[in-house]
Amino acid sequence: MILDGPCHFIGAYRDPLTAQRCLEEIIAKARRGGTDFESFSLYRKLTARGVGEPKQIPSDMMMYLLDHLHRYTIQL
């Protein structure tokens, strides 16, 4: 979730550990930087690991995350 910016759905995961590992890959890549090709390759890899089409999270969950944003903010 990116506030005041575009949201990109990377993948849908049933297994929380798989989802966490994919998120860690995204964070590590964002910190290192790289080319557009590398970003697209990571996107394709993470999308392929998903178990279905990603969907918008429910509005009540979105509101919870916004209310508790300080717990989930990643500082780059």
# chains A, B, ... in the order shown; residues from 1 in each chain; ligands from 1
>>> residues_around(residues="region 43-51 of chain A", least_positions_apart="6", cutoff="9 Å", atoms="only C-alpha atoms", output="list in words")
Phe9, Ile10, Gly11, Ala12, Tyr13, Arg14, Thr18, Ala19, Cys22, Glu25 and Ile26 of chain A
>>> select_by_dssp(residues="chain A", states="alpha helix (DSSP H)", output="VMD selection string")
chain A and resid 16 to 32 36 to 49 59 to 67 69 to 72
>>> atom_distance(atom1="CA of Ile27 (chain A)", atom2="CA of Leu42 (chain A)")
11.4 Å
>>> atom_distance(atom1="CA of Gln56 (chain A)", atom2="CA of Leu23 (chain A)")
16.7 Å
>>> atom_distance(atom1="CA of Leu65 (chain A)", atom2="CA of Gln20 (chain A)")
16.6 Å
